[in-house]
file my_file.txt (compact mmCIF, C-alpha atoms and all ligand atoms)
# COMPACT_ATOMS: atom_id res chain seq x y z
CA MET A 1 103.20 165.64 127.15
CA LYS A 2 103.25 169.44 126.80
CA VAL A 3 103.02 170.80 123.29
CA VAL A 4 103.65 174.36 122.11
CA VAL A 5 102.39 175.44 118.68
CA LEU A 6 103.65 178.59 116.93
CA THR A 7 100.81 179.74 114.76
CA GLY A 8 99.18 182.44 112.68
CA GLY A 9 96.59 182.67 109.95
CA VAL A 10 93.80 180.39 108.89
CA GLY A 11 95.92 177.25 108.32
CA GLY A 12 97.36 177.53 111.82
CA ALA A 13 93.94 177.79 113.43
CA ARG A 14 92.69 174.72 111.52
CA PHE A 15 95.80 172.78 112.52
CA LEU A 16 95.24 173.64 116.19
CA ARG A 17 91.76 172.14 116.00
CA GLY A 18 93.41 168.91 114.89
CA ILE A 19 95.93 169.11 117.74
CA VAL A 20 93.26 169.50 120.45
CA ALA A 21 91.34 166.61 118.87
CA ALA A 22 94.46 164.42 119.09
CA ILE A 23 95.69 165.28 122.61
CA ASP A 24 94.36 166.80 125.84
CA PRO A 25 93.73 170.51 125.06
CA ALA A 26 94.95 171.44 128.56
CA THR A 27 98.46 170.34 127.50
CA VAL A 28 98.51 172.64 124.46
CA THR A 29 99.84 176.21 124.33
CA ALA A 30 99.44 178.28 121.18
CA ILE A 31 101.90 181.15 120.68
CA VAL A 32 100.16 183.42 118.22
CA ASN A 33 101.26 186.05 115.69
CA VAL A 34 100.23 189.63 116.46
CA GLY A 35 101.92 191.25 113.44
CA ASP A 36 98.52 191.40 111.67
CA ASP A 37 96.87 193.37 114.50
CA LEU A 38 95.26 196.67 113.63
CA GLU A 39 92.88 199.36 114.76
CA VAL A 40 89.65 199.82 112.84
CA LEU A 41 87.05 202.40 113.90
CA GLY A 42 88.84 202.73 117.23
CA LEU A 43 88.63 198.97 117.87
CA SER A 44 91.71 196.84 118.61
CA ILE A 45 91.58 193.80 116.32
CA SER A 46 93.87 190.77 116.68
CA PRO A 47 92.86 188.61 113.70
CA ASP A 48 95.19 185.66 114.33
CA LEU A 49 94.41 185.45 118.06
CA ASP A 50 90.73 185.52 117.16
CA SER A 51 91.06 182.84 114.47
CA VAL A 52 92.65 180.55 117.06
CA LEU A 53 90.13 181.50 119.75
CA TYR A 54 87.10 180.96 117.50
CA ALA A 55 88.53 177.74 116.04
CA LEU A 56 89.23 176.20 119.44
CA ALA A 57 85.86 177.34 120.79
CA GLY A 58 84.21 175.63 117.79
CA ILE A 59 82.52 178.85 116.64
CA SER A 60 84.68 179.78 113.64
CA ASP A 61 83.37 180.11 110.11
CA GLU A 62 84.81 176.98 108.51
CA GLU A 63 84.53 178.11 104.93
CA ARG A 64 85.73 181.71 105.24
CA GLY A 65 88.47 180.63 107.61
CA TRP A 66 88.30 183.83 109.68
CA GLY A 67 85.57 185.34 111.83
CA ARG A 68 82.58 183.64 113.39
CA ALA A 69 80.06 181.14 112.08
CA ASP A 70 76.41 182.25 111.65
CA GLU A 71 77.67 185.79 111.27
CA THR A 72 75.45 188.72 110.33
CA TRP A 73 76.67 192.04 108.96
CA ASN A 74 74.18 194.66 110.14
CA ALA A 75 76.72 196.86 111.92
CA LEU A 76 78.93 196.83 108.82
CA ALA A 77 76.00 197.81 106.57
CA SER A 78 75.25 200.69 108.92
CA ILE A 79 78.92 201.75 109.03
CA GLU A 80 79.05 201.67 105.24
CA ALA A 81 75.84 203.70 104.89
CA LEU A 82 77.31 206.29 107.24
CA GLY A 83 80.52 206.53 105.23
CA GLY A 84 82.60 204.78 107.92
CA GLU A 85 85.61 202.55 107.36
CA SER A 86 84.23 199.30 105.89
CA TRP A 87 87.08 197.76 103.89
CA PHE A 88 87.95 195.51 106.85
CA ARG A 89 84.75 193.56 107.39
CA LEU A 90 83.68 193.23 111.00
CA GLY A 91 80.71 190.95 111.61
CA ASP A 92 78.10 191.63 114.31
CA ARG A 93 79.15 188.71 116.53
CA ASP A 94 82.84 189.37 115.95
CA VAL A 95 82.51 193.05 116.81
CA GLY A 96 81.26 192.18 120.31
CA LEU A 97 84.62 190.60 121.09
CA HIS A 98 86.51 193.57 119.68
CA ILE A 99 84.53 195.96 121.88
CA VAL A 100 85.28 193.92 125.01
CA ARG A 101 88.98 193.59 124.14
CA THR A 102 89.38 197.27 123.25
CA ASN A 103 87.69 198.33 126.47
CA GLU A 104 89.94 196.09 128.59
CA LEU A 105 93.10 197.20 126.79
CA ARG A 106 92.10 200.82 127.46
CA THR A 107 92.10 200.14 131.21
CA GLY A 108 95.77 199.19 130.86
CA GLU A 109 95.37 195.41 130.78
CA PRO A 110 98.01 193.67 128.64
CA LEU A 111 96.83 191.74 125.56
CA SER A 112 97.88 188.43 127.15
CA ALA A 113 95.62 189.00 130.19
CA VAL A 114 92.68 190.06 128.02
CA THR A 115 93.23 187.02 125.78
CA ALA A 116 93.29 184.70 128.81
CA ARG A 117 89.92 186.09 129.93
CA LEU A 118 88.40 185.74 126.47
CA THR A 119 89.76 182.19 126.22
CA ALA A 120 88.17 181.24 129.55
CA ALA A 121 84.89 182.99 128.68
CA LEU A 122 84.64 180.92 125.49
CA GLY A 123 85.34 177.69 127.38
CA VAL A 124 88.64 176.95 125.62
CA ASP A 125 90.93 174.64 127.62
CA ALA A 126 94.11 175.23 125.63
CA THR A 127 96.34 178.19 126.53
CA ILE A 128 96.39 180.97 123.94
CA LEU A 129 99.26 183.47 124.23
CA PRO A 130 100.04 186.44 122.01
CA ALA A 131 103.73 186.21 121.08
CA THR A 132 104.17 189.59 122.76
CA ASP A 133 102.15 192.21 124.61
CA ASP A 134 104.18 194.89 122.85
CA ALA A 135 103.09 196.32 119.51
CA VAL A 136 104.74 194.42 116.65
CA ARG A 137 103.36 195.37 113.25
CA THR A 138 104.14 193.71 109.94
CA TRP A 139 104.98 195.89 106.92
CA LEU A 140 105.50 194.74 103.38
CA ASP A 141 107.86 196.54 101.01
CA THR A 142 106.68 196.05 97.43
CA PRO A 143 107.50 197.64 94.06
CA ASN A 144 104.27 199.65 94.51
CA GLY A 145 105.14 201.01 97.94
CA SER A 146 105.21 199.94 101.59
CA PHE A 147 101.97 198.71 103.12
CA SER A 148 100.82 197.68 106.57
CA PHE A 149 99.83 194.02 106.69
CA GLN A 150 96.06 194.33 106.39
CA GLU A 151 96.26 197.06 103.78
CA TRP A 152 98.38 194.72 101.66
CA PHE A 153 96.48 191.53 102.52
CA VAL A 154 92.85 192.66 102.53
CA ALA A 155 92.57 196.07 100.86
CA ARG A 156 95.05 195.22 98.05
CA ALA A 157 94.25 191.46 98.05
CA HIS A 158 97.99 190.61 98.48
CA ARG A 159 98.55 191.27 94.77
CA ASP A 160 101.73 193.33 95.21
CA PRO A 161 104.82 191.14 95.06
CA VAL A 162 106.77 191.36 98.30
CA ASP A 163 110.44 192.35 98.25
CA ARG A 164 110.85 192.52 102.02
CA THR A 165 108.96 191.99 105.27
CA ARG A 166 109.52 194.30 108.22
CA PHE A 167 108.30 193.82 111.76
CA GLU A 168 108.01 197.26 113.32
CA GLY A 169 108.56 197.17 117.08
CA ALA A 170 110.01 193.64 117.09
CA THR A 171 113.52 194.62 118.21
CA ALA A 172 112.25 196.06 121.47
CA ALA A 173 109.42 193.54 121.94
CA ARG A 174 109.52 191.14 124.86
CA PRO A 175 107.79 187.76 124.84
CA ALA A 176 104.39 187.89 126.55
CA PRO A 177 104.19 186.38 130.06
CA GLY A 178 104.14 182.60 129.78
CA VAL A 179 105.74 182.38 126.32
CA LEU A 180 109.32 181.57 127.36
CA GLU A 181 108.06 179.34 130.20
CA ALA A 182 105.88 177.37 127.75
CA LEU A 183 108.82 176.95 125.34
CA HIS A 184 111.09 175.92 128.20
CA ASP A 185 108.61 173.39 129.63
CA ALA A 186 107.50 171.94 126.28
CA ASP A 187 108.14 168.32 125.33
CA LEU A 188 107.51 169.17 121.70
CA ILE A 189 107.38 172.41 119.71
CA LEU A 190 105.34 172.58 116.53
CA ILE A 191 105.25 175.22 113.81
CA ALA A 192 101.80 175.20 112.22
CA PRO A 193 101.26 175.12 108.43
CA SER A 194 101.20 178.91 108.45
CA ASN A 195 102.89 181.40 106.13
CA PRO A 196 106.59 181.37 107.24
CA PHE A 197 107.06 185.05 106.33
CA VAL A 198 104.00 186.87 107.65
CA SER A 199 102.51 184.43 110.19
CA ILE A 200 105.54 182.81 111.82
CA GLY A 201 108.08 185.51 110.87
CA PRO A 202 106.73 188.14 113.29
CA ILE A 203 106.84 185.61 116.17
CA LEU A 204 110.46 184.69 115.42
CA ALA A 205 111.33 188.39 115.07
CA VAL A 206 110.96 188.65 118.86
CA GLU A 207 114.60 187.95 119.66
CA ARG A 208 114.07 186.06 122.93
CA ILE A 209 111.53 183.73 121.28
CA ARG A 210 113.90 182.98 118.40
CA SER A 211 116.81 182.34 120.75
CA ALA A 212 114.66 180.11 122.99
CA LEU A 213 113.85 178.07 119.89
CA GLU A 214 117.52 177.98 118.82
CA ARG A 215 118.51 176.71 122.27
CA ARG A 216 115.65 174.16 122.52
CA ARG A 217 116.37 170.78 124.07
CA VAL A 218 113.24 169.19 122.61
CA PRO A 219 112.31 168.56 118.97
CA CYS A 220 110.71 171.25 116.85
CA VAL A 221 108.55 170.05 113.96
CA ALA A 222 107.20 172.35 111.24
CA VAL A 223 104.33 171.53 108.91
CA SER A 224 104.68 172.83 105.35
CA PRO A 225 101.85 175.13 104.25
CA LEU A 226 102.34 174.08 100.60
CA ILE A 227 100.75 171.23 98.68
CA GLY A 228 102.32 170.43 95.32
CA GLY A 229 104.33 173.65 95.62
CA ARG A 230 101.13 175.72 95.91
CA ALA A 231 99.41 177.38 98.85
CA VAL A 232 95.95 176.11 99.78
CA LYS A 233 94.98 179.76 100.24
CA GLY A 234 96.87 183.03 100.53
CA PRO A 235 100.25 184.37 99.42
CA ALA A 236 102.67 181.77 100.87
CA ALA A 237 103.72 180.25 97.52
CA ALA A 238 104.21 183.62 95.80
CA MET A 239 106.30 184.83 98.76
CA LEU A 240 108.40 181.67 98.84
CA GLN A 241 109.07 181.97 95.13
CA ARG A 242 110.16 185.60 95.38
CA LEU A 243 111.90 185.67 98.75
CA GLN A 244 113.28 182.13 99.00
CA GLY A 245 113.78 181.32 95.32
CA GLY A 246 111.33 178.42 94.99
CA THR A 247 108.34 176.55 96.36
CA THR A 248 109.65 173.10 97.22
CA ALA A 249 109.61 171.62 100.71
CA ALA A 250 113.35 172.37 100.84
CA HIS A 251 112.60 176.07 100.37
CA VAL A 252 110.11 175.88 103.27
CA THR A 253 112.81 174.17 105.37
CA GLN A 254 115.23 177.01 104.58
CA CYS A 255 112.78 179.49 106.13
CA TYR A 256 113.59 177.92 109.52
CA PRO A 257 117.40 177.59 109.60
CA GLY A 258 118.58 175.86 112.77
CA LEU A 259 115.05 176.00 114.15
CA ILE A 260 113.43 172.72 113.09
CA ASP A 261 114.29 169.04 113.38
CA ALA A 262 111.56 167.66 111.14
CA LEU A 263 109.27 168.92 108.39
CA VAL A 264 105.89 167.39 107.63
CA LEU A 265 105.36 167.72 103.89
CA ASP A 266 102.51 166.70 101.64
CA GLU A 267 102.38 163.45 99.67
CA GLU A 268 102.35 165.55 96.50
CA ASP A 269 105.77 166.93 97.49
CA ALA A 270 107.24 163.53 98.44
CA ALA A 271 109.94 163.94 95.77
CA ASP A 272 111.37 166.84 97.86
CA ALA A 273 112.00 164.58 100.88
CA GLU A 274 115.63 163.85 99.95
CA ALA A 275 116.47 167.55 99.59
CA VAL A 276 114.90 168.27 102.99
CA SER A 277 116.93 165.46 104.48
CA GLN A 278 120.12 166.91 103.00
CA LEU A 279 119.43 170.09 104.96
CA GLY A 280 119.65 168.02 108.14
CA VAL A 281 115.89 168.01 108.69
CA ARG A 282 113.87 164.81 108.90
CA PRO A 283 111.16 164.72 106.21
CA VAL A 284 107.81 163.19 107.17
CA VAL A 285 105.41 162.68 104.27
CA ALA A 286 101.71 162.96 105.11
CA HIS A 287 98.35 164.00 103.70
CA THR A 288 98.31 167.67 104.73
CA LEU A 289 95.03 169.04 103.28
CA MET A 290 92.76 169.69 106.29
CA HIS A 291 89.41 169.30 104.50
CA ASP A 292 87.50 167.76 107.42
CA PRO A 293 87.91 167.03 111.15
CA ALA A 294 89.36 163.56 110.51
CA ALA A 295 91.99 165.00 108.12
CA ARG A 296 92.90 167.73 110.63
CA LYS A 297 93.39 165.15 113.36
CA ARG A 298 95.47 162.87 111.08
CA LEU A 299 97.78 165.75 110.20
CA ALA A 300 98.11 166.68 113.87
CA GLU A 301 99.03 163.09 114.69
CA ALA A 302 101.62 163.03 111.89
CA ALA A 303 103.24 166.16 113.36
CA LEU A 304 103.04 164.88 116.94
CA ASP A 305 104.63 161.56 115.91
CA ALA A 306 107.17 163.04 113.49
CA VAL A 307 110.17 162.59 115.74
CA ALA A 308 108.89 159.76 117.94
CA PHE A 309 110.74 157.15 115.91
CA ALA A 310 113.78 159.20 114.93
N1 LIG B 1 90.15 188.92 105.79
C1 LIG B 1 89.73 189.36 104.60
O1 LIG B 1 90.18 188.86 103.57
N2 LIG B 1 88.80 190.41 104.50
C2 LIG B 1 88.27 190.98 105.61
O2 LIG B 1 87.46 191.91 105.48
C3 LIG B 1 88.68 190.49 106.89
C4 LIG B 1 88.15 190.98 108.07
C5 LIG B 1 88.51 190.39 109.30
C6 LIG B 1 87.93 190.81 110.49
C7 LIG B 1 88.28 190.24 111.69
C8 LIG B 1 89.23 189.22 111.72
O3 LIG B 1 89.58 188.65 112.88
C9 LIG B 1 89.84 188.79 110.55
C10 LIG B 1 89.48 189.36 109.32
N3 LIG B 1 90.05 188.93 108.14
C11 LIG B 1 89.64 189.44 106.94
C12 LIG B 1 91.08 187.91 108.14
C13 LIG B 1 92.49 188.46 108.34
O4 LIG B 1 92.80 189.56 107.54
C14 LIG B 1 93.52 187.40 107.94
O5 LIG B 1 93.01 186.12 107.94
C15 LIG B 1 94.68 187.32 108.84
O6 LIG B 1 95.15 188.53 109.32
C16 LIG B 1 95.81 186.54 108.14
O7 LIG B 1 96.33 185.76 109.07

call {"tool": "encode", "arguments": {"input": "my_file.txt", "output": "structure tokens"}}
result
Amino acid sequence: MKVVVLTGGVGGARFLRGIVAAIDPATVTAIVNVGDDLEVLGLSISPDLDSVLYALAGISDEERGWGRADETWNALASIEALGGESWFRLGDRDVGLHIVRTNELRTGEPLSAVTARLTAALGVDATILPATDDAVRTWLDTPNGSFSFQEWFVARAHRDPVDRTRFEGATAARPAPGVLEALHDADLILIAPSNPFVSIGPILAVERIRSALERRRVPCVAVSPLIGGRAVKGPAAAMLQRLQGGTTAAHVTQCYPGLIDALVLDEEDAADAEAVSQLGVRPVVAHTLMHDPAARKRLAEAALDAVAFA
């Protein structure tokens, strides 16, 4: 069975660890958000690709959710002392990857090719694809101004309420090599428990990816990122409330109109199942908090089995 997972953010990376624990990693393709990408100190950073890469290589910092385990911060301390840009914290181990990636991108290599090399170098058997090799950048319009993703998320701690998301470059962006093929060949498509607006939104903003999903002949199952109407971490609940009008599993379902066949929702939200069903989407109630490897694998299995008995 070939499985494609659309993913972004910390929740998506954790979910992918569960997926590769449940099925052969060689059958898994992750299509990853690049709307969060940025340049810091001349380095090309792809936070969501790296979260997936580090998670699947087993070297991610479990608690922080981003970056590498056993990290040290000497370069950052030096940068700070020299008055360099230090608001976006780059660890010593992490920075090594950014230097390699930046160097390869400068030679004209596309992000997908560089990512494939990094994936192989870290011994990861799953396929990791950026949604696009073209620059797509997420912007947030808020009452306090428009901010690039990381300025809003990290520098301003996602405190500004979001009125609108914009994905600069998405209209002209083409899917990266392998993306449409993976969607076409998949037996099952999953949408990770990622933020629908800023993690999955930029992927779906690439028109040919969205239309491939609309025309799918296989089931697509999304996992809700909310538990009891709240986000485990991050701005998903606040965004759902403001942009979708509420934080029930039905509101999550409405983020993916015509795109999903089933939604895995948490036991705490079981009362929403009927409303999800009325939207024509099969509700599957599960324990969705990924607090340890066993929980991650159980959630992955719930998503993988969500339509098996439909
Ligand atoms: N998140 C933070 O909250 N603060 C940081 O300083 C920070 C640095 C950072 C460096 C490399 C990297 O790959 C990710 C980093 N993140 C940081 C996480 C990142 O902003 C978000 O997790 C994602 O962009 C949201 O999906």

call {"tool": "residues_around", "arguments": {"input": "my_file.txt", "residues": "stretch 173-176 of chain A", "least_positions_apart": "5", "cutoff": "7 Å", "atoms": "all atoms listed in the file", "output": "list in words"}}
result
Ser112, Pro130, Ala131, Thr132, Asp133, Asp134, Val206, Arg208 and Ile209 of chain A

call {"tool": "atom_distance", "arguments": {"input": "my_file.txt", "atom1": "atom CA of A:Ala275", "atom2": "atom CA of A:Ala306"}}
result
17.3 Å

call {"tool": "closest_residue", "arguments": {"input": "my_file.txt", "among": "A:Leu188, A:Ala30, A:Ile203, A:Trp152", "to": "A:Leu304", "atoms": "all atoms listed in the file"}}
result
A:Leu188

call {"tool": "residues_near_ligand", "arguments": {"input": "my_file.txt", "ligand": "ligand LIG 1 (chain B)", "cutoff": "7 Å", "atoms": "all atoms listed in the file", "output": "PyMOL selection string"}}
result
chain A and resi 8-10+36+45-48+50-51+66-67+87-90+94+150+153-154+199

call {"tool": "atom_distance", "arguments": {"input": "my_file.txt", "atom1": "atom CA of A:Phe15", "atom2": "atom CA of A:Val40"}}
result
27.7 Å

call {"tool": "closest_residue", "arguments": {"input": "my_file.txt", "among": "A:Ala186, A:Ile79, A:Asp141, A:Gly91", "to": "A:Met1", "atoms": "all atoms listed in the file"}}
result
A:Ala186

call {"tool": "atom_distance", "arguments": {"input": "my_file.txt", "atom1": "atom CA of A:Pro193", "atom2": "atom CA of A:Lys2"}}
result
19.3 Å

call {"tool": "closest_atom_pairs", "arguments": {"input": "my_file.txt", "of": "stretch 68-160 of chain A", "to": "stretch 167-170 of chain A", "cutoff": "6 Å", "atoms": "all atoms listed in the file", "output": "tab-separated table"}}
result
residue	atom	partner	partner_atom	distance
A:Val136	CA	A:Gly169	CA	4.7
A:Arg137	CA	A:Glu168	CA	5.0
A:Thr138	CA	A:Phe167	CA	4.5

call {"tool": "residues_around", "arguments": {"input": "my_file.txt", "residues": "A:Val198", "least_positions_apart": "4", "cutoff": "8 Å", "atoms": "only C-alpha atoms", "output": "PDB file with C-alpha atoms, in the coordinates of the input"}}
result
ATOM      1  CA  GLY A  35     101.920 191.250 113.440  1.00  0.00           C
ATOM      2  CA  THR A 138     104.140 193.710 109.940  1.00  0.00           C
ATOM      3  CA  THR A 165     108.960 191.990 105.270  1.00  0.00           C
ATOM      4  CA  PRO A 202     106.730 188.140 113.290  1.00  0.00           C
TER       5      PRO A 202
END

call {"tool": "closest_residue", "arguments": {"input": "my_file.txt", "among": "A:Gly18, A:Pro196, A:Gly229, A:Gly58", "to": "A:Leu122", "atoms": "all atoms listed in the file"}}
result
A:Gly58

call {"tool": "closest_residue", "arguments": {"input": "my_file.txt", "among": "A:Val232, A:Asp185, A:Ala55, A:Leu180", "to": "A:Arg210", "atoms": "all atoms listed in the file"}}
result
A:Leu180

call {"tool": "residues_around", "arguments": {"input": "my_file.txt", "residues": "A:Ala262", "least_positions_apart": "2", "cutoff": "9 Å", "atoms": "all atoms listed in the file", "output": "list in words"}}
result
Pro219, Cys220, Val221, Ala222, Val223, Thr253, Ile260, Val264, Val276, Ser277, Gly280, Val281, Arg282, Pro283, Val284, Ala303, Ala306 and Val307 of chain A

call {"tool": "closest_residue", "arguments": {"input": "my_file.txt", "among": "A:Ala77, A:Leu213, A:Ala22, A:Ile200", "to": "A:Ala236", "atoms": "only C-alpha atoms"}}
result
A:Ile200

call {"tool": "closest_residue", "arguments": {"input": "my_file.txt", "among": "A:Leu289, A:Ala192, A:Ala308, A:Ile19", "to": "A:Ala231", "atoms": "all atoms listed in the file"}}
result
A:Leu289

call {"tool": "residues_near_point", "arguments": {"input": "my_file.txt", "point": "(79.9, 186.4, 113.1)", "cutoff": "7 Å", "atoms": "only C-alpha atoms", "output": "ChimeraX atom specification"}}
result
/A:67-72,91-94

call {"tool": "write_last_selection", "arguments": {"input": "my_file.txt", "atoms": "C-alpha atoms", "output": "mmCIF file, keeping the file's coordinate frame"}}
result
data_model
loop_
_atom_site.group_PDB
_atom_site.id
_atom_site.type_symbol
_atom_site.label_atom_id
_atom_site.label_comp_id
_atom_site.auth_asym_id
_atom_site.auth_seq_id
_atom_site.Cartn_x
_atom_site.Cartn_y
_atom_site.Cartn_z
ATOM 1 C CA GLY A 67 85.570 185.340 111.830
ATOM 2 C CA ARG A 68 82.580 183.640 113.390
ATOM 3 C CA ALA A 69 80.060 181.140 112.080
ATOM 4 C CA ASP A 70 76.410 182.250 111.650
ATOM 5 C CA GLU A 71 77.670 185.790 111.270
ATOM 6 C CA THR A 72 75.450 188.720 110.330
ATOM 7 C CA GLY A 91 80.710 190.950 111.610
ATOM 8 C CA ASP A 92 78.100 191.630 114.310
ATOM 9 C CA ARG A 93 79.150 188.710 116.530
ATOM 10 C CA ASP A 94 82.840 189.370 115.950
#

call {"tool": "residues_around", "arguments": {"input": "my_file.txt", "residues": "stretch 241-249 of chain A", "least_positions_apart": "5", "cutoff": "8 Å", "atoms": "all atoms listed in the file", "output": "PDB file with C-alpha atoms, in the coordinates of the input"}}
result
ATOM      1  CA  PRO A 161     104.820 191.140  95.060  1.00  0.00           C
ATOM      2  CA  VAL A 162     106.770 191.360  98.300  1.00  0.00           C
ATOM      3  CA  ASP A 163     110.440 192.350  98.250  1.00  0.00           C
ATOM      4  CA  ARG A 164     110.850 192.520 102.020  1.00  0.00           C
ATOM      5  CA  SER A 224     104.680 172.830 105.350  1.00  0.00           C
ATOM      6  CA  LEU A 226     102.340 174.080 100.600  1.00  0.00           C
ATOM      7  CA  GLY A 229     104.330 173.650  95.620  1.00  0.00           C
ATOM      8  CA  ARG A 230     101.130 175.720  95.910  1.00  0.00           C
ATOM      9  CA  GLN A 254     115.230 177.010 104.580  1.00  0.00           C
ATOM     10  CA  CYS A 255     112.780 179.490 106.130  1.00  0.00           C
ATOM     11  CA  LEU A 265     105.360 167.720 103.890  1.00  0.00           C
ATOM     12  CA  ASP A 269     105.770 166.930  97.490  1.00  0.00           C
ATOM     13  CA  ASP A 272     111.370 166.840  97.860  1.00  0.00           C
ATOM     14  CA  ALA A 273     112.000 164.580 100.880  1.00  0.00           C
ATOM     15  CA  VAL A 276     114.900 168.270 102.990  1.00  0.00           C
TER      16      VAL A 276
END

call {"tool": "axis_aligned_box", "arguments": {"input": "my_file.txt", "around": "stretch 140-145 of chain A", "padding_each_side": "4 Å", "output": "lines of an AutoDock Vina configuration file"}}
result
center_x = 106.1
center_y = 197.9
center_z = 98.7
size_x = 11.6
size_y = 14.3
size_z = 17.3

call {"tool": "residues_around", "arguments": {"input": "my_file.txt", "residues": "A:Asp266", "least_positions_apart": "4", "cutoff": "7 Å", "atoms": "only C-alpha atoms", "output": "number ranges by chain"}}
result
A: 227, 270, 285-288
